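Student: Pasting a structure below so you can have a look.
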Amino acid sequence: VGAGFFFAFLISYCLSSVVRVANETGELRTSYIFLPILIPFVVDAGAMIVGKFLGKRKLTPHLSPKKTVEGAIGGLVVGVVIAIVYGIFFHFVTKVEVNYYFLAVYGLLGGVITQVGDLFFSYLKRTRKLKDFGHIFLDHGGVLDRFDSVIFAAPVLELLILWLPAFK
């Protein structure tokens, strides 16, 4: 029961980081609102695609047998590239000043935390002998399987956005 309450609190608090980013960043909030969701999603997708085509060495076979070192590195690179492209897009559309170094930090640290979150939930699934946390999305598991990395990355990205604002 205690674990259930803890995870209910943890998941809801961490996901609420996305809402807090929208409320705390003032007038430029629209420029940040998508980052806590975009970075984890593209890191996951990039890691999967790079791992599928280039992956040879297993990252953590006891936790997640399909994850590879090459996929993990590819996911980080994709995260950095997408964060910078996101900044270029916003600069082009809004003409705001963009700090691309800070966006690269968002992509890199957000990517690392994304993968830690994904491995953490893989660990939970392995200890409970589950393949997926649900069956809502065909061949992709439940909602928690889609948002497991966002749960960890959103609070970290919220702090980075507050401490290192990339849009001025």
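How things are named: the first chain in the structure tokens is A, the next is B, and so on; residues count from 1 in each chain; ligands count from 1 in the order shown.
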So which residues of stretch 4-159 of chain A fall under strand (DSSP E) by DSSP, listed as a list in words?
Tutor: Lys58, Leu59, Thr60, Ser64, Pro65, Lys66, Lys67 and Thr68 of chain A
Student: Write the residues of the selection above to a file with N, CA, C and O atoms, as an mmCIF file, in the first residue's frame.
Tutor:
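Listing of part.cif after writing:
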data_model
loop_
_atom_site.group_PDB
_atom_site.id
_atom_site.type_symbol
_atom_site.label_atom_id
_atom_site.label_comp_id
_atom_site.auth_asym_id
_atom_site.auth_seq_id
_atom_site.Cartn_x
_atom_site.Cartn_y
_atom_site.Cartn_z
ATOM 1 N N LYS A 58 25.054 -5.005 -25.784
ATOM 2 C CA LYS A 58 23.911 -4.843 -24.892
ATOM 3 C C LYS A 58 24.268 -3.867 -23.769
ATOM 4 O O LYS A 58 25.349 -3.922 -23.209
ATOM 5 N N LEU A 59 23.317 -2.981 -23.450
ATOM 6 C CA LEU A 59 23.534 -1.995 -22.399
ATOM 7 C C LEU A 59 23.314 -2.610 -21.016
ATOM 8 O O LEU A 59 24.199 -2.593 -20.175
ATOM 9 N N THR A 60 22.145 -3.153 -20.798
ATOM 10 C CA THR A 60 21.800 -3.804 -19.528
ATOM 11 C C THR A 60 20.908 -5.004 -19.845
ATOM 12 O O THR A 60 19.687 -4.940 -19.681
ATOM 13 N N SER A 64 16.826 -4.779 -19.562
ATOM 14 C CA SER A 64 16.149 -4.521 -20.830
ATOM 15 C C SER A 64 16.994 -5.101 -21.955
ATOM 16 O O SER A 64 17.923 -4.457 -22.441
ATOM 17 N N PRO A 65 16.710 -6.340 -22.353
ATOM 18 C CA PRO A 65 17.589 -7.058 -23.278
ATOM 19 C C PRO A 65 17.759 -6.423 -24.660
ATOM 20 O O PRO A 65 18.736 -6.703 -25.334
ATOM 21 N N LYS A 66 16.849 -5.569 -25.081
ATOM 22 C CA LYS A 66 16.956 -4.979 -26.417
ATOM 23 C C LYS A 66 17.753 -3.683 -26.442
ATOM 24 O O LYS A 66 18.122 -3.207 -27.505
ATOM 25 N N LYS A 67 18.018 -3.082 -25.297
ATOM 26 C CA LYS A 67 18.737 -1.806 -25.265
ATOM 27 C C LYS A 67 20.234 -2.052 -25.512
ATOM 28 O O LYS A 67 20.822 -2.945 -24.934
ATOM 29 N N THR A 68 20.804 -1.203 -26.346
ATOM 30 C CA THR A 68 22.218 -1.334 -26.676
ATOM 31 C C THR A 68 22.973 -0.056 -26.327
ATOM 32 O O THR A 68 22.378 1.014 -26.194
#
Student: Between atom CA of A:Lys95 and atom CA of A:Leu157, measure the distance and give it in Å to one decimal.
Tutor: 22.8 Å
Student: Considering only C-alpha atoms, can you say which of A:Ala166, A:Ile73, A:Cys14, A:Val21 comes closest to A:Gly55?
Tutor: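 Looking only at the distances to A:Gly55, the closest residue turns out to be A:Ile73.
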Student: I'd like to know which residues of chain A are helix (DSSP H, G or I) (by DSSP, run on the backbone); could you write them as a PyMOL selection string?
Tutor: chain A and resi 2-15+17-24+26-32+35-54+69-94+100-127+143-163
Student: Output the selection as a tab-separated table (two decimals), in the first residue's frame - C-alpha atoms for each residue.
Tutor:
chain	number	residue	atom	x	y	z
A	2	GLY	CA	2.83	2.36	0.90
A	3	ALA	CA	4.56	1.71	-2.42
A	4	GLY	CA	1.31	2.40	-4.25
A	5	PHE	CA	0.89	5.77	-2.56
A	6	PHE	CA	4.55	6.61	-3.09
A	7	PHE	CA	4.43	5.89	-6.83
A	8	ALA	CA	1.08	7.67	-7.23
A	9	PHE	CA	2.64	10.75	-5.63
A	10	LEU	CA	5.93	10.41	-7.51
A	11	ILE	CA	4.35	9.98	-10.92
A	12	SER	CA	1.82	12.80	-10.52
A	13	TYR	CA	4.37	15.22	-9.02
A	14	CYS	CA	6.97	14.54	-11.70
A	15	LEU	CA	4.49	14.81	-14.57
A	17	SER	CA	6.60	19.53	-13.96
A	18	VAL	CA	5.28	20.02	-17.47
A	19	VAL	CA	2.50	22.25	-16.12
A	20	ARG	CA	4.87	24.09	-13.80
A	21	VAL	CA	7.15	24.90	-16.73
A	22	ALA	CA	4.19	26.54	-18.45
A	23	ASN	CA	3.29	28.57	-15.37
A	24	GLU	CA	6.73	29.57	-14.06
A	26	GLY	CA	6.64	33.94	-17.74
A	27	GLU	CA	6.02	35.31	-21.21
A	28	LEU	CA	8.32	32.84	-22.94
A	29	ARG	CA	6.47	29.85	-21.54
A	30	THR	CA	5.29	28.75	-24.96
A	31	SER	CA	8.89	28.31	-26.02
A	32	TYR	CA	9.53	25.85	-23.18
A	35	LEU	CA	10.62	20.47	-24.16
A	36	PRO	CA	9.85	18.22	-21.14
A	37	ILE	CA	7.80	15.96	-23.41
A	38	LEU	CA	9.67	16.34	-26.70
A	39	ILE	CA	13.16	15.52	-25.44
A	40	PRO	CA	12.24	12.22	-23.71
A	41	PHE	CA	10.13	11.10	-26.67
A	42	VAL	CA	12.83	11.79	-29.28
A	43	VAL	CA	15.57	10.30	-27.09
A	44	ASP	CA	13.53	7.10	-26.74
A	45	ALA	CA	12.76	7.00	-30.46
A	46	GLY	CA	16.34	7.85	-31.44
A	47	ALA	CA	17.76	5.20	-29.13
A	48	MET	CA	15.38	2.61	-30.54
A	49	ILE	CA	16.13	3.44	-34.19
A	50	VAL	CA	19.90	3.73	-33.77
A	51	GLY	CA	19.96	0.60	-31.60
A	52	LYS	CA	17.94	-1.36	-34.15
A	53	PHE	CA	20.29	-0.53	-37.01
A	54	LEU	CA	23.68	-0.11	-35.33
A	69	VAL	CA	25.14	0.96	-25.94
A	70	GLU	CA	25.00	2.29	-29.49
A	71	GLY	CA	21.28	2.99	-29.11
A	72	ALA	CA	21.87	4.85	-25.85
A	73	ILE	CA	24.56	7.03	-27.43
A	74	GLY	CA	22.40	7.58	-30.51
A	75	GLY	CA	19.49	8.64	-28.30
A	76	LEU	CA	21.68	11.22	-26.57
A	77	VAL	CA	22.89	12.61	-29.89
A	78	VAL	CA	19.33	12.81	-31.22
A	79	GLY	CA	18.23	14.55	-28.01
A	80	VAL	CA	20.91	17.23	-28.36
A	81	VAL	CA	20.22	17.72	-32.07
A	82	ILE	CA	16.45	17.99	-31.60
A	83	ALA	CA	16.84	20.46	-28.72
A	84	ILE	CA	19.02	22.68	-30.93
A	85	VAL	CA	16.67	22.33	-33.91
A	86	TYR	CA	13.81	23.27	-31.57
A	87	GLY	CA	15.73	26.44	-30.67
A	88	ILE	CA	16.39	27.25	-34.32
A	89	PHE	CA	12.68	26.83	-35.05
A	90	PHE	CA	11.67	29.13	-32.20
A	91	HIS	CA	14.26	31.73	-33.17
A	92	PHE	CA	13.00	31.67	-36.75
A	93	VAL	CA	9.34	31.99	-35.70
A	94	THR	CA	9.61	34.41	-32.76
A	100	TYR	CA	22.06	26.97	-28.11
A	101	TYR	CA	24.61	25.76	-25.57
A	102	PHE	CA	21.91	25.64	-22.91
A	103	LEU	CA	19.62	23.80	-25.31
A	104	ALA	CA	22.40	21.27	-25.91
A	105	VAL	CA	22.63	20.82	-22.12
A	106	TYR	CA	18.85	20.27	-22.02
A	107	GLY	CA	19.16	17.61	-24.71
A	108	LEU	CA	22.15	15.88	-23.14
A	109	LEU	CA	21.07	15.86	-19.49
A	110	GLY	CA	17.44	15.31	-20.43
A	111	GLY	CA	18.59	12.38	-22.56
A	112	VAL	CA	20.63	10.83	-19.76
A	113	ILE	CA	17.76	11.14	-17.28
A	114	THR	CA	15.33	9.83	-19.92
A	115	GLN	CA	17.37	6.66	-20.22
A	116	VAL	CA	17.73	6.32	-16.45
A	117	GLY	CA	13.94	6.60	-16.11
A	118	ASP	CA	13.39	4.05	-18.83
A	119	LEU	CA	15.79	1.61	-17.14
A	120	PHE	CA	14.18	2.22	-13.74
A	121	PHE	CA	10.76	1.26	-15.06
A	122	SER	CA	12.30	-1.70	-16.89
A	123	TYR	CA	13.67	-2.79	-13.53
A	124	LEU	CA	10.20	-2.50	-11.98
A	125	LYS	CA	8.72	-4.56	-14.78
A	126	ARG	CA	11.40	-7.25	-14.45
A	127	THR	CA	10.94	-7.54	-10.69
A	143	VAL	CA	0.34	4.79	-21.02
A	144	LEU	CA	3.04	4.38	-18.36
A	145	ASP	CA	5.24	2.61	-20.92
A	146	ARG	CA	5.01	5.71	-23.15
A	147	PHE	CA	5.61	8.22	-20.36
A	148	ASP	CA	8.11	6.38	-18.13
A	149	SER	CA	11.02	8.47	-19.32
A	150	VAL	CA	9.02	11.73	-19.13
A	151	ILE	CA	8.38	11.04	-15.43
A	152	PHE	CA	12.10	11.27	-14.70
A	153	ALA	CA	13.11	13.84	-17.31
A	154	ALA	CA	10.40	16.48	-16.76
A	155	PRO	CA	11.54	17.62	-13.28
A	156	VAL	CA	15.18	17.75	-14.39
A	157	LEU	CA	14.27	19.75	-17.48
A	158	GLU	CA	12.11	22.04	-15.33
A	159	LEU	CA	15.14	22.82	-13.16
A	160	LEU	CA	17.39	23.33	-16.18
A	161	ILE	CA	14.85	25.71	-17.74
A	162	LEU	CA	14.70	27.72	-14.50
A	163	TRP	CA	18.46	27.73	-13.86
Student: Looking at A:Arg57, A:His62, A:Lys168, A:Ile33, which one is nearest to A:Glu97, with distances taken over only C-alpha atoms?
Tutor: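 Using only C-alpha atoms, the shortest distance to A:Glu97 belongs to A:Lys168.
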